[in-house]
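Participant: Below is the file query-v6.txt, with compact mmCIF, C-alpha atoms.
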```txt
# COMPACT_ATOMS: atom_id res chain seq x y z
CA LYS A 9 108.42 72.08 128.18
CA ALA A 10 109.03 72.40 131.89
CA GLU A 11 108.78 75.62 133.87
CA PHE A 12 110.08 76.08 137.41
CA ARG A 13 108.44 78.71 139.60
CA GLU A 14 110.78 79.82 142.34
CA ASN A 15 108.12 81.50 144.45
CA SER A 16 106.14 78.26 144.84
CA SER A 17 108.91 75.72 144.10
CA GLN A 18 106.60 74.04 141.60
CA ILE A 19 107.44 72.57 138.23
CA THR A 20 104.83 72.76 135.50
CA VAL A 21 105.11 70.52 132.44
CA ASN A 22 103.29 71.50 129.25
CA ASP A 23 103.09 69.84 125.85
CA VAL A 24 104.70 71.80 123.06
CA LEU A 25 104.69 71.60 119.31
CA SER A 26 108.28 70.44 118.82
CA GLU A 27 108.23 71.41 115.15
CA TYR A 28 108.04 75.04 116.25
CA TYR A 29 111.35 74.77 118.10
CA ILE A 30 113.31 72.67 115.59
CA SER A 31 111.84 73.89 112.32
CA TRP A 32 114.89 76.03 111.55
CA THR A 33 116.93 72.80 111.28
CA LYS A 34 114.66 71.85 108.38
CA ASN A 35 115.17 75.25 106.73
CA LYS A 36 111.75 76.62 107.64
CA LEU A 37 110.16 78.84 110.26
CA VAL A 38 106.91 77.85 111.93
CA PHE A 39 104.76 80.44 113.68
CA GLU A 40 101.75 79.22 115.64
CA ASN A 41 99.57 81.95 117.19
CA GLU A 42 102.68 84.12 117.53
CA SER A 43 102.63 87.88 118.08
CA LEU A 44 103.61 90.13 115.21
CA ALA A 45 106.36 91.54 117.42
CA ASN A 46 107.98 88.11 117.90
CA ILE A 47 107.49 87.20 114.25
CA LEU A 48 109.30 90.33 113.09
CA VAL A 49 112.23 89.63 115.44
CA SER A 50 112.51 86.09 114.07
CA LEU A 51 112.28 87.29 110.48
CA GLN A 52 115.02 89.86 111.06
CA ARG A 53 117.31 87.08 112.29
CA TRP A 54 116.27 84.63 109.55
CA TYR A 55 116.86 87.10 106.71
CA ASN A 56 119.73 88.94 108.44
CA MET A 57 118.19 92.37 108.10
CA ASP A 58 116.68 95.13 110.22
CA PHE A 59 113.13 96.44 109.93
CA ILE A 60 112.06 99.95 110.87
CA ILE A 61 108.65 99.63 112.49
CA PRO A 62 106.59 102.76 113.21
CA ASN A 63 105.51 103.22 116.82
CA ASP A 64 101.83 103.34 115.86
CA ILE A 65 101.76 99.74 114.51
CA ASP A 66 99.92 97.28 116.76
CA LEU A 67 102.39 94.44 117.27
CA ASP A 68 99.95 92.35 119.30
CA TYR A 69 98.37 90.77 116.20
CA ARG A 70 98.67 86.98 116.43
CA LEU A 71 99.45 84.97 113.32
CA SER A 72 100.08 81.37 112.30
CA PHE A 73 102.03 80.47 109.17
CA VAL A 74 105.11 78.68 107.84
CA VAL A 75 108.03 80.24 105.95
CA ARG A 76 109.88 77.87 103.65
CA ASN A 77 111.55 79.35 100.59
CA GLU A 78 109.72 82.67 100.37
CA SER A 79 111.64 85.90 99.99
CA VAL A 80 111.43 88.44 102.78
CA GLU A 81 109.42 90.68 100.47
CA GLU A 82 106.86 87.94 99.89
CA VAL A 83 106.55 87.13 103.61
CA LEU A 84 106.12 90.79 104.55
CA ARG A 85 103.65 91.35 101.71
CA ASN A 86 101.52 88.46 103.00
CA ILE A 87 101.71 89.76 106.58
CA SER A 88 100.64 93.21 105.37
CA LYS A 89 97.48 91.68 103.88
CA VAL A 90 96.17 90.72 107.34
CA THR A 91 97.73 93.38 109.59
CA PRO A 92 98.17 97.16 109.44
CA LEU A 93 101.87 96.65 108.62
CA LYS A 94 102.78 98.37 105.35
CA ILE A 95 105.97 97.77 103.41
CA ALA A 96 108.15 100.61 102.14
CA LYS A 97 111.57 100.28 100.58
```
If you convert what's in this file into structure tokens, what do you get?

Facilitator:
Amino acid sequence: KAEFRENSSQITVNDVLSEYYISWTKNKLVFENESLANILVSLQRWYNMDFIIPNDIDLDYRLSFVVRNESVEEVLRNISKVTPLKIAK
């Protein structure tokens, strides 16, 4: 991954885990040390649904996991085991 910084005109090149960026082409989602906020956005897109998240939930939790064939309920249930996120229907 290359990043260009306009203020210094420098280009920084970093190694990335390519599986993270192309995993959706293999019908899976890969999260590696990702914030709960970003995970929920991705899950909303993946499952084509909207989540209502209370303002008092800390979305800075960082998680690593892979979603393959799990239902949205199963993924959210597993997330709720390690974060303060609670599921209500």

Participant: Mind listing whatever residues come within 12 Å of the point (105.0, 84.7, 114.9)? Use only C-alpha atoms, file coordinates, and give them as an mmCIF file with C-alpha atoms, keeping the file's coordinate frame.

Facilitator:
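Full text of point.cif as output:
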```
data_model
loop_
_atom_site.group_PDB
_atom_site.id
_atom_site.type_symbol
_atom_site.label_atom_id
_atom_site.label_comp_id
_atom_site.auth_asym_id
_atom_site.auth_seq_id
_atom_site.Cartn_x
_atom_site.Cartn_y
_atom_site.Cartn_z
ATOM 1 C CA TYR A 28 108.040 75.040 116.250
ATOM 2 C CA LEU A 37 110.160 78.840 110.260
ATOM 3 C CA VAL A 38 106.910 77.850 111.930
ATOM 4 C CA PHE A 39 104.760 80.440 113.680
ATOM 5 C CA GLU A 40 101.750 79.220 115.640
ATOM 6 C CA ASN A 41 99.570 81.950 117.190
ATOM 7 C CA GLU A 42 102.680 84.120 117.530
ATOM 8 C CA SER A 43 102.630 87.880 118.080
ATOM 9 C CA LEU A 44 103.610 90.130 115.210
ATOM 10 C CA ALA A 45 106.360 91.540 117.420
ATOM 11 C CA ASN A 46 107.980 88.110 117.900
ATOM 12 C CA ILE A 47 107.490 87.200 114.250
ATOM 13 C CA LEU A 48 109.300 90.330 113.090
ATOM 14 C CA VAL A 49 112.230 89.630 115.440
ATOM 15 C CA SER A 50 112.510 86.090 114.070
ATOM 16 C CA LEU A 51 112.280 87.290 110.480
ATOM 17 C CA GLN A 52 115.020 89.860 111.060
ATOM 18 C CA LEU A 67 102.390 94.440 117.270
ATOM 19 C CA ASP A 68 99.950 92.350 119.300
ATOM 20 C CA TYR A 69 98.370 90.770 116.200
ATOM 21 C CA ARG A 70 98.670 86.980 116.430
ATOM 22 C CA LEU A 71 99.450 84.970 113.320
ATOM 23 C CA SER A 72 100.080 81.370 112.300
ATOM 24 C CA PHE A 73 102.030 80.470 109.170
ATOM 25 C CA VAL A 74 105.110 78.680 107.840
ATOM 26 C CA VAL A 75 108.030 80.240 105.950
ATOM 27 C CA VAL A 83 106.550 87.130 103.610
ATOM 28 C CA ILE A 87 101.710 89.760 106.580
#
```

Participant: Quick one: pull the distance between atom CA of A:Asn63 and atom CA of A:Arg85, Å, one decimal.

Facilitator: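 So the two atoms, atom CA of A:Asn63 and atom CA of A:Arg85, lie 19.3 Å apart.
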
Participant: Between A:Ile19, A:Leu84, A:Arg13, A:Leu93, which has the minimum distance to A:Ile65 (counting all atoms listed in the file)?

Facilitator: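 Nearest candidate to A:Ile65 out of A:Ile19, A:Leu84, A:Arg13, A:Leu93: A:Leu93.
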
Participant: Nearest to A:Phe59: which of A:Thr91, A:Val80, A:Glu11, A:Asn22 is it, counting all atoms listed in the file?

Facilitator: A:Val80

Participant: Using only C-alpha atoms for the distances, tell me which of A:Arg53, A:Ser17, A:Asp64, A:Lys94 is nearest to A:Glu81.

Facilitator: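 For A:Glu81, the nearest of the candidates is A:Lys94.
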
Participant: Tell me, in Å to one decimal, how far atom CA of A:Val90 is from atom CA of A:Trp54.

Facilitator: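 The value is 21.1 Å.
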
Participant: Any idea what the distance is between atom CA of A:Asp66 and atom CA of A:Glu82?

Facilitator: 20.5 Å
